[in-house]
$ cat data_26.json   # JSON, C-alpha atoms and all ligand atoms
[["chain", "number", "residue", "atom", "x", "y", "z"],
["A", 1, "MET", "CA", 25.40, -19.37, -150.98],
["A", 2, "SER", "CA", 22.54, -19.98, -148.60],
["A", 3, "ASP", "CA", 19.27, -18.14, -149.02],
["A", 4, "LYS", "CA", 19.77, -16.40, -145.73],
["A", 5, "LYS", "CA", 23.19, -15.17, -146.73],
["A", 6, "LYS", "CA", 21.74, -13.76, -149.94],
["A", 7, "LEU", "CA", 19.01, -11.94, -147.99],
["A", 8, "ARG", "CA", 21.57, -10.55, -145.53],
["A", 9, "ASP", "CA", 23.68, -9.35, -148.45],
["A", 10, "ILE", "CA", 20.77, -7.43, -149.94],
["A", 11, "LEU", "CA", 20.12, -5.61, -146.65],
["A", 12, "GLN", "CA", 23.81, -5.02, -146.06],
["A", 13, "LEU", "CA", 24.17, -3.49, -149.51],
["A", 14, "TYR", "CA", 21.77, -0.78, -148.35],
["A", 15, "SER", "CA", 23.25, -0.59, -144.85],
["A", 16, "LEU", "CA", 20.04, -1.95, -143.37],
["A", 17, "LYS", "CA", 19.91, -3.91, -140.14],
["A", 18, "ALA", "CA", 19.26, -7.61, -140.76],
["A", 19, "SER", "CA", 17.04, -8.80, -137.94],
["A", 20, "GLU", "CA", 15.48, -12.25, -137.99],
["A", 21, "GLN", "CA", 12.05, -10.73, -138.67],
["A", 22, "ARG", "CA", 13.34, -8.64, -141.54],
["A", 23, "LEU", "CA", 14.95, -11.69, -143.14],
["A", 24, "ILE", "CA", 11.67, -13.60, -142.91],
["A", 25, "LEU", "CA", 9.77, -10.71, -144.50],
["A", 26, "LEU", "CA", 12.31, -10.19, -147.27],
["A", 27, "GLN", "CA", 12.28, -13.92, -148.05],
["A", 28, "GLU", "CA", 8.51, -13.77, -148.31],
["A", 29, "ILE", "CA", 8.59, -10.70, -150.56],
["A", 30, "ILE", "CA", 11.14, -12.17, -152.94],
["A", 31, "SER", "CA", 9.61, -15.63, -153.15],
["A", 32, "ALA", "CA", 6.06, -14.32, -153.63],
["A", 33, "LYS", "CA", 6.99, -12.98, -157.11],
["A", 34, "ALA", "CA", 3.75, -11.01, -157.09],
["A", 35, "VAL", "CA", 2.17, -7.85, -155.85],
["A", 36, "PHE", "CA", 1.83, -7.85, -152.06],
["A", 37, "SER", "CA", 0.58, -5.66, -149.20],
["A", 38, "ALA", "CA", 1.30, -5.38, -145.48],
["A", 39, "ASP", "CA", -1.80, -7.50, -144.84],
["A", 40, "SER", "CA", -0.82, -10.22, -147.28],
["A", 41, "LEU", "CA", 2.63, -10.38, -145.66],
["A", 42, "TYR", "CA", 1.03, -10.57, -142.24],
["A", 43, "ASN", "CA", -1.08, -13.51, -143.43],
["A", 44, "SER", "CA", 1.71, -15.33, -145.25],
["A", 45, "THR", "CA", 3.93, -15.15, -142.17],
["A", 46, "GLN", "CA", 1.02, -16.51, -140.08],
["A", 47, "GLY", "CA", 0.85, -13.45, -137.86],
["A", 48, "LYS", "CA", 4.32, -14.17, -136.42],
["A", 49, "ILE", "CA", 5.38, -10.60, -137.15],
["A", 50, "ASP", "CA", 3.21, -7.72, -136.01],
["A", 51, "LEU", "CA", 1.77, -5.29, -138.53],
["A", 52, "ALA", "CA", 3.61, -2.27, -137.12],
["A", 53, "THR", "CA", 6.94, -3.99, -137.77],
["A", 54, "ILE", "CA", 5.82, -4.90, -141.28],
["A", 55, "TYR", "CA", 4.73, -1.32, -142.05],
["A", 56, "ARG", "CA", 8.02, 0.06, -140.77],
["A", 57, "PHE", "CA", 10.09, -2.38, -142.80],
["A", 58, "LEU", "CA", 8.06, -1.74, -145.99],
["A", 59, "LYS", "CA", 8.69, 1.98, -145.59],
["A", 60, "VAL", "CA", 12.44, 1.33, -145.26],
["A", 61, "LEU", "CA", 12.44, -0.94, -148.32],
["A", 62, "GLN", "CA", 10.48, 1.59, -150.33],
["A", 63, "ASN", "CA", 12.80, 4.44, -149.36],
["A", 64, "ASN", "CA", 15.70, 2.37, -150.66],
["A", 65, "ASN", "CA", 13.88, 1.43, -153.88],
["A", 66, "ILE", "CA", 14.04, -2.25, -153.01],
["A", 67, "ILE", "CA", 10.27, -2.42, -153.35],
["A", 68, "CYS", "CA", 8.07, -0.14, -155.46],
["A", 69, "GLN", "CA", 4.53, 0.88, -154.74],
["A", 70, "VAL", "CA", 1.97, -0.30, -157.26],
["A", 71, "GLN", "CA", -0.94, 2.05, -157.76],
["A", 72, "SER", "CA", -4.18, 0.28, -156.90],
["A", 73, "ILE", "CA", -7.82, 0.88, -156.03],
["A", 74, "ASP", "CA", -7.33, -0.81, -152.66],
["A", 75, "GLU", "CA", -7.12, 1.06, -149.41],
["A", 76, "ASN", "CA", -4.08, -1.03, -148.50],
["A", 77, "LYS", "CA", -0.96, -0.02, -150.33],
["A", 78, "SER", "CA", 0.32, -2.61, -152.80],
["A", 79, "TYR", "CA", 3.98, -3.17, -153.55],
["A", 80, "GLU", "CA", 6.25, -5.31, -155.61],
["A", 81, "TYR", "CA", 9.88, -6.27, -155.29],
["A", 82, "CYS", "CA", 11.90, -4.27, -157.82],
["A", 83, "LEU", "CA", 15.47, -5.54, -157.52],
["A", 84, "PRO", "CA", 17.44, -6.00, -159.65],
["A", 85, "GLN", "CA", 16.03, -2.84, -161.15],
["A", 86, "LYS", "CA", 13.08, -4.48, -162.81],
["A", 87, "TYR", "CA", 11.99, -3.22, -166.16],
["A", 88, "ILE", "CA", 9.22, -0.67, -165.95],
["A", 89, "HIS", "CA", 5.81, -2.15, -166.60],
["A", 90, "PRO", "CA", 2.18, -1.13, -166.22],
["A", 91, "HIS", "CA", -0.36, -3.05, -164.14],
["A", 92, "PHE", "CA", -3.93, -4.14, -164.53],
["A", 93, "GLN", "CA", -6.25, -4.41, -161.55],
["A", 94, "CYS", "CA", -9.61, -6.14, -161.58],
["A", 95, "THR", "CA", -12.25, -3.96, -159.90],
["A", 96, "LYS", "CA", -14.21, -7.05, -158.85],
["A", 97, "CYS", "CA", -11.68, -9.51, -157.37],
["A", 98, "HIS", "CA", -9.01, -6.78, -156.87],
["A", 99, "LYS", "CA", -6.27, -9.01, -158.23],
["A", 100, "ILE", "CA", -3.33, -7.07, -159.69],
["A", 101, "PHE", "CA", -1.54, -8.35, -162.80],
["A", 102, "CYS", "CA", 1.87, -7.28, -164.12],
["A", 103, "LEU", "CA", 1.74, -6.37, -167.80],
["A", 104, "GLU", "CA", 4.46, -6.44, -170.43],
["A", 105, "LYS", "CA", 7.31, -4.00, -170.11],
["A", 106, "LEU", "CA", 7.26, -0.60, -171.80],
["A", 107, "ALA", "CA", 8.41, -0.30, -175.39],
["A", 108, "PRO", "CA", 12.09, 0.73, -175.85],
["A", 109, "GLN", "CA", 11.12, 4.20, -177.06],
["A", 110, "HIS", "CA", 9.15, 4.81, -173.86],
["A", 111, "GLU", "CA", 12.06, 3.72, -171.69],
["A", 112, "ALA", "CA", 14.33, 6.00, -173.73],
["A", 113, "MET", "CA", 11.86, 8.86, -173.24],
["A", 114, "LEU", "CA", 11.91, 8.30, -169.47],
["A", 115, "ARG", "CA", 15.70, 8.14, -169.37],
["A", 116, "GLU", "CA", 15.93, 11.40, -171.27],
["A", 117, "TYR", "CA", 13.31, 13.01, -169.06],
["A", 118, "SER", "CA", 15.10, 11.97, -165.87],
["A", 119, "GLN", "CA", 18.29, 13.71, -166.93],
["A", 120, "GLN", "CA", 16.71, 17.04, -166.08],
["A", 121, "ASN", "CA", 13.91, 16.00, -163.78],
["A", 122, "GLU", "CA", 13.88, 13.73, -160.80],
["A", 123, "ILE", "CA", 11.35, 10.95, -161.24],
["A", 124, "LYS", "CA", 10.40, 9.53, -157.84],
["A", 125, "GLN", "CA", 7.71, 7.13, -158.84],
["A", 126, "ILE", "CA", 6.39, 5.65, -162.04],
["A", 127, "SER", "CA", 2.97, 4.09, -161.98],
["A", 128, "LEU", "CA", 0.55, 3.13, -164.65],
["A", 129, "THR", "CA", -2.41, 0.99, -163.67],
["A", 130, "PHE", "CA", -5.31, 0.01, -165.86],
["A", 131, "THR", "CA", -8.53, -1.07, -164.18],
["A", 132, "GLY", "CA", -11.40, -3.21, -165.39],
["A", 133, "LEU", "CA", -12.63, -6.79, -165.14],
["A", 134, "CYS", "CA", -10.24, -9.74, -165.37],
["A", 135, "ALA", "CA", -10.97, -12.74, -167.59],
["A", 136, "LYS", "CA", -12.44, -14.66, -164.63],
["A", 137, "CYS", "CA", -14.73, -11.86, -163.47],
["A", 138, "LYS", "CA", -16.07, -10.41, -166.70],
["A", 201, "ZN", "ZN", -11.26, -10.41, -161.30],
["A", 202, "ZN", "ZN", 4.37, -5.67, -161.60]]

$ encode --input "data_26.json" --output "structure tokens" --more "lines below"
Ligand SMILES: [Zn+2]
Ligand SMILES: [Zn+2]
Amino acid sequence: MSDKKKLRDILQLYSLKASEQRLILLQEIISAKAVFSADSLYNSTQGKIDLATIYRFLKVLQNNNIICQVQSIDENKSYEYCLPQKYIHPHFQCTKCHKIFCLEKLAPQHEAMLREYSQQNEIKQISLTFTGLCAKCK
């Protein structure tokens, strides 16, 4: 299966329109394997796609839980790809270089606690971000 077909399939699964620009952005998001923002996507696609289009698409992806917002100290919203339903994990952000790191997943008892909690409550977003200085900056 070609990469493009795979990307189309993901969008189709959520009944989302697969335009050429969307496929480029999704490819970028999946291959980055890291936390990204609208600005970083704009840069990595060399400005070929305008920011308004990127913002709109990120909103659509977030509404469909294809990407999750990562809480950060930056003004720009940070996201990460969260399909297939990635395990829940906290983040660490360096207050000097602003780099965001993914930490180890939650312990099984915490995941069980969340599952139990979401039987009666609707959890819309889970975020846990530690801040401080990374090994390079401290
Ligand atoms: Zn740092
Ligand atoms: Zn992460």

$ closest_residue --input "data_26.json" --among "A:Leu11, A:Val35, A:Cys137, A:Cys102" --to "Lys77 (chain A)" --atoms "only C-alpha atoms"
A:Val35

$ closest_residue --input "data_26.json" --among "A:Gln12, A:Ser31, A:Gln46, A:Gln119" --to "Glu80 (chain A)" --atoms "all atoms listed in the file"
A:Ser31

$ closest_residue --input "data_26.json" --among "A:Ser19, A:Ser78, A:Ser72, A:Gln109" --to "Thr129 (chain A)" --atoms "all atoms listed in the file"
A:Ser72

$ closest_residue --input "data_26.json" --among "A:Gln71, A:Thr53, A:Asn76, A:Asn121" --to "ligand ZN 202 (chain A)" --atoms "only C-alpha atoms and all ligand atoms"
A:Gln71

$ residues_near_ligand --input "data_26.json" --ligand "ligand ZN 201 (chain A)" --cutoff "8 Å" --atoms "all atoms listed in the file" --output "list in words"
Gln93, Cys94, Thr95, Lys96, Cys97, His98, Lys99, Leu133, Cys134, Ala135, Lys136, Cys137 and Lys138 of chain A

$ atom_distance --input "data_26.json" --atom1 "CA of Ile100 (chain A)" --atom2 "CA of Asp39 (chain A)"
14.9 Å

$ atom_distance --input "data_26.json" --atom1 "CA of Tyr55 (chain A)" --atom2 "CA of Asp74 (chain A)"
16.1 Å

$ atom_distance --input "data_26.json" --atom1 "CA of Leu103 (chain A)" --atom2 "CA of Pro90 (chain A)"
5.5 Å

$ residues_near_ligand --input "data_26.json" --ligand "ligand ZN 202 (chain A)" --cutoff "10 Å" --atoms "all atoms listed in the file" --output "number ranges by chain"
A: 33-35, 68-70, 79-82, 86-92, 100-105, 127, 129
